[in-house]
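What follows is one structure encoded as structure tokens, with my remarks underneath.
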There are 2 protein chains.
Amino acid sequence: VDVSEIGEFGLIERLSKLLQAGSPPEELITGIGDDAAVWRAGDQYLIATTDSLVAGVHFLPAFARRRDVGWKALAVNVSDIAAMGGDPLFALVTLAVPPQEDAENLDELYRGLDECAREYGVAVIGGDVVSAPVAAVTIALVGRARGQDGNPGLLLRSGARVGDVLAVTGTLGDSAAGLLRMKAGAPADDPLVKSHMRPRPPLEAGKEAAAIGISCAIDISDGLLQDAGHVCRMSSVAAEIDAASLPISEAVRGAFGEQALQLACGGGEDYQLLFAGPRTLMGELGARCPVPLTVIGRITDGPSRVRVLDSAGQELRFQAAGWDHLRAAQPPR
Amino acid sequence: VDVSEIGEFGLIERLSKLLQAGSPPEELITGIGDDAAVWRAGDQYLIATTDSLVAGVHFLPAFARRRDVGWKALAVNVSDIAAMGGDPLFALVTLAVPPQEDAENLDELYRGLDECAREYGVAVIGGDVVSAPVAAVTIALVGRARGQDGNPGLLLRSGARVGDVLAVTGTLGDSAAGLLRMKAGAPADDPLVKSHMRPRPPLEAGKEAAAIGISCAIDISDGLLQDAGHVCRMSSVAAEIDAASLPISEAVRGAFGEQALQLACGGGEDYQLLFAGPRTLMGELGARCPVPLTVIGRITDGPSRVRVLDSAGQELRFQAAGWDHLRAAQPPR
């Protein structure tokens with residue numbers, strides 16, 4: 001059976017079951033299934049994640065500036081660390097390059113990567129360069145949770161509780177809108193294109209959330225509905241989202257009209273953070289947070305699914321719940 | 001300029017220079033340039049490395065069993081941790097798969113990966129699955145050095161001193177010989193093919209070496225001469241290797257005759273360890289080591305290069321010093 005029939009999430013589940021390498025070591029706090037893995041190293045809690053960008057799949061070589069690809073390759077990993085409430089520290093960078101690739105392209109990619117590393121305080125400490133038919137950047141990023149001995153102070157997908165409110169940083173849909181504009185020929189400095197190619201994960205918001213005792217977050221990479229669905233499954237809860245409350249930028253509303261809601265719910269790659277937590281803590285986070293924080297819904301009892309409600313409380317339906325790169329019949333991103 | 005003109009090592013040097021993300025954090029002990037990076041995390045010293053296997057470049061899909069590819073993808077990373085004197089702990093696995101790939105192939109790959117994880121006590125704690133035109137496995141592996149506060153107890157490429165002897169574990173050339181046999185149709189259970197596809201890094205030897213105070217090692221991945229060259233450059237020393245002393249298996253001698261020496265010196269992918277250290281310590285290591293250890297030469301003063309000497313003390317010349325995957329005119333491996 002082709003992997004395109006199983007899809008990304010089905011494949012991860014299938015392959016994970018094949019790993020039988022004994023019981024997990026006692027230092028391991030969180031393994032496969034959250035935004036990143038966490039383990040205890042002496043008196044520290046360390047976090048590790050990895051993400052790839054493949055040419056023609058995750059970025060379009062004809063449109064994307066290499067400098068922006070370099071930024072994004074690291075930023076998407078920073079986003080995973082932010083979603084755990086941690087601080088990124090060290091990166092390993094694997095560059096797959098066709099032998100005919102112009103070295104100037106790689107220089108540019110590395111300059112963008114360095115810009116992101118400086119922005120988020122990351123040191124590149126190693127990596128690998130391999131020959132391959134298509135260009136790809138794979139980064140493994142290690143970070144540190146803010147917790148001390150006994151309490152790692154993590155944001156987990158499994159941390160949502162019935163009665164929590166859902167809140168999201170920044171605005172949603174800008175990245176998907178930017179991809180559409182980029183394909184239509186918009187330049188790299190178009191604000192929406194920048195949202196797509198140079199995401200800025202709200203690291204401080206994640207750290208603040210962990211600091212004040214919020215215990216659930218996920219980053220919006222696959223799309224709000226799909227990512228909220230991950231939280232529901234991992235927390236065994238349901239979620240309701242109020243469509244009218246979704247933070248959508250004027251740029252997206254102006255350019256995409258009625259499509260804006262669809263982009264905000266299913267577009268993906270916003271790399272904002274979705275939190276679940278008690279309303280009072282969320283108010284506190286909103287006051288401390290250096291980025292806008294908007295309450296968009298609530299966690300309820302019931303089967304693990306996400307419903308988007310209009311202002312009359314009626315459920316809205318969407319074409320696609322989000323991205324799954326392996327499934328057939330999806331456009332390259 | 002094409003990257004094929006610059007080569008793997010030139011490209012790594014070029015790109016590393018573009019990273020200007022401030023001064024390295026004080027926790028960093030060893031960054032780019034050794035087998036793996038090392039940093040201090042509280043009272044522990046942690047080690048991280050990453051390595052990729054790309055279909056058609058690092059393995060030949062038509063010949064290589066997927067289960068063996070899975071084993072090797074992890075084993076080559078274990079080798080890097082072994083070369084630092086550490087213990088592997090946690091792996092992040094990134095799988096790039098064409099959408100048309102048969103999921104059974106990936107199952108097999110994961111079974112082999114799991115076998116290696118069990119053998120070396122590694123827990124897979126996360127990863128990523130991405131769509132790509134060709135299959136590739138990229139693993140990031142975190143390990144721990146045996147040292148305690150104040151003394152990490154590492155094996156470094158820069159740790160060789162004039163007067164040290166050079167010693168190597170196991171035998172050399174089996175892997176390159178196995179690749180030749182595999183291409184000629186030898187089955188997966190041919191002993192030399194197994195040496196190529198299922199390398200067994202001598203983890204205990206690395207840990208023992210660090211424990212008794214040896215301070216220099218590298219793993220034989222690019223080929224003995226090239227890897228010894230890395231040690232010479234990083235330690236600012238020269239090396240002499242006695243051709244007659246090189247440990248070459250009867251299988252390689254029998255099947256490859258005069259070519260055996262060339263395979264042992266330049267073949268690569270043996271994933272044995274090359275140590276440099278005082279003769280007395282090397283004797284002690286040989287006695288404690290669960291794998292054969294052979295003294296093959298010495299570290300001398302002079303410009304950083306490696307000379308292979310025949311029994312009369314005359315220098316021998318070889319066609320190629322080792323592998324550089326990015327350079328043009330090299331066969332796929």
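Quick note on naming: the chains in the structure tokens go A, B, ... in the order shown, residues restart at 1 in each chain, and ligands are numbered from 1 in order of appearance.
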>> Can you tell me which residues surround Gly170 of chain A at a distance of at most 12 Å, considering only C-alpha atoms, apart from same-chain residues fewer than 4 positions away, and format the answer as an MDAnalysis selection string?
In response: chainID A and resid 174:175 195 199:202 205 219:220 246:249 264 270:274 286 289:296
>> Residues near Pro98 of chain B, anyone? I mean within 9 Å using only C-alpha atoms, not counting same-chain ones fewer than 2 positions away, as a ChimeraX atom specification.
In response: /A:3-4,326 /B:96,100-101,130-135
>> Show me, as a PyMOL selection string, the residues that have an atom within 9 Å of Thr138 of chain A when counting only C-alpha atoms, minus same-chain residues fewer than 2 positions from it.
In response: (chain A and resi 50-54+73-74+92-96+136+140) or (chain B and resi 94+138)
Please dump the current selection as a PDB file, in the first residue's frame; keep C-alpha atoms.
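result.pdb was written with the following content:
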```
ATOM      1  CA  THR A  50      13.282  18.240  14.049  1.00  0.00           C
ATOM      2  CA  ASP A  51      11.658  19.589  10.896  1.00  0.00           C
ATOM      3  CA  SER A  52      12.508  19.539   7.204  1.00  0.00           C
ATOM      4  CA  LEU A  53      11.868  21.806   4.248  1.00  0.00           C
ATOM      5  CA  VAL A  54      12.084  20.020   0.900  1.00  0.00           C
ATOM      6  CA  ALA A  73      13.884  26.149   8.142  1.00  0.00           C
ATOM      7  CA  LEU A  74      15.024  27.231  11.593  1.00  0.00           C
ATOM      8  CA  LEU A  92      22.172  20.727  13.892  1.00  0.00           C
ATOM      9  CA  VAL A  93      21.692  21.568  10.214  1.00  0.00           C
ATOM     10  CA  THR A  94      21.559  18.941   7.462  1.00  0.00           C
ATOM     11  CA  LEU A  95      21.729  20.316   3.964  1.00  0.00           C
ATOM     12  CA  ALA A  96      20.828  18.054   1.058  1.00  0.00           C
ATOM     13  CA  ALA A 136      16.313  20.068   1.424  1.00  0.00           C
ATOM     14  CA  ALA A 140      17.283  19.303  14.685  1.00  0.00           C
TER      15      ALA A 140
ATOM     16  CA  THR B  94      13.293  12.244   9.761  1.00  0.00           C
ATOM     17  CA  THR B 138      18.131  11.691   8.549  1.00  0.00           C
TER      18      THR B 138
END
```
>> With DSSP run on the backbone, what are the helix (DSSP H, G or I) residues within segment 160-320 of chain A? I'd like them as a ChimeraX atom specification.
In response: /A:174-183,191-197,203-212,224-235,243-245,250-256,259-266,279-288
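Residues surrounding Ile29 of chain A within 10 Å are Pro24, Pro25, Glu26, Glu27, Gly31, Ala37, Val38, Trp39, Arg40, Tyr45, Leu46, Ile47, Pro152 and Leu154 of chain A; Ile125 of chain B [only C-alpha atoms; sequence separation below 2 positions excluded].
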> Running DSSP on the backbone, which parts of segment 144-279 of chain B land in strand (DSSP E or B), as an MDAnalysis selection string?
Replying inline: chainID B and resid 144 148 151 165:169 216:219 238:242 273:277
>> List the spatial neighbours of Gly313 of chain A as a PyMOL selection string - criterion: any atom at most 12 Å away, only C-alpha atoms, same-chain residues fewer than 3 positions off excluded.
In response: chain A and resi 240-244+297+307-310+316
Can you write out the residues you just picked, keeping N, CA and C atoms, as an mmCIF file, in the first residue's frame?
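Result file is result_24.cif:
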```
data_model
loop_
_atom_site.group_PDB
_atom_site.id
_atom_site.type_symbol
_atom_site.label_atom_id
_atom_site.label_comp_id
_atom_site.auth_asym_id
_atom_site.auth_seq_id
_atom_site.Cartn_x
_atom_site.Cartn_y
_atom_site.Cartn_z
ATOM 1 N N GLU A 240 -14.782 23.943 20.891
ATOM 2 C CA GLU A 240 -15.658 24.801 20.102
ATOM 3 C C GLU A 240 -14.917 26.089 19.810
ATOM 4 N N ILE A 241 -14.954 26.486 18.554
ATOM 5 C CA ILE A 241 -14.300 27.730 18.140
ATOM 6 C C ILE A 241 -15.361 28.661 17.565
ATOM 7 N N ASP A 242 -15.350 29.924 18.033
ATOM 8 C CA ASP A 242 -16.303 30.912 17.532
ATOM 9 C C ASP A 242 -15.705 31.617 16.315
ATOM 10 N N ALA A 243 -16.308 31.364 15.160
ATOM 11 C CA ALA A 243 -15.750 31.895 13.915
ATOM 12 C C ALA A 243 -15.562 33.411 13.979
ATOM 13 N N ALA A 244 -16.534 34.088 14.576
ATOM 14 C CA ALA A 244 -16.481 35.554 14.585
ATOM 15 C C ALA A 244 -15.319 36.091 15.415
ATOM 16 N N GLY A 297 -12.354 30.376 21.688
ATOM 17 C CA GLY A 297 -13.275 29.274 21.922
ATOM 18 C C GLY A 297 -13.045 28.628 23.260
ATOM 19 N N ARG A 307 -15.351 21.880 16.602
ATOM 20 C CA ARG A 307 -16.469 22.455 15.863
ATOM 21 C C ARG A 307 -16.271 23.958 15.785
ATOM 22 N N VAL A 308 -16.482 24.506 14.588
ATOM 23 C CA VAL A 308 -16.437 25.964 14.402
ATOM 24 C C VAL A 308 -17.876 26.449 14.324
ATOM 25 N N LEU A 309 -18.241 27.424 15.172
ATOM 26 C CA LEU A 309 -19.622 27.881 15.276
ATOM 27 C C LEU A 309 -19.778 29.299 14.724
ATOM 28 N N ASP A 310 -20.884 29.538 14.035
ATOM 29 C CA ASP A 310 -21.169 30.916 13.612
ATOM 30 C C ASP A 310 -21.824 31.648 14.784
ATOM 31 N N LEU A 316 -20.180 25.422 11.315
ATOM 32 C CA LEU A 316 -19.736 25.702 9.949
ATOM 33 C C LEU A 316 -18.884 24.531 9.462
#
```
> Any idea what's packed within 10 Å of Ile32 of chain B, counting only C-alpha atoms, ignoring anything in its chain fewer than 6 positions away? Could you give it as number ranges by chain?
Replying inline: A: 92, 124-128; B: 12-13, 16, 38, 49
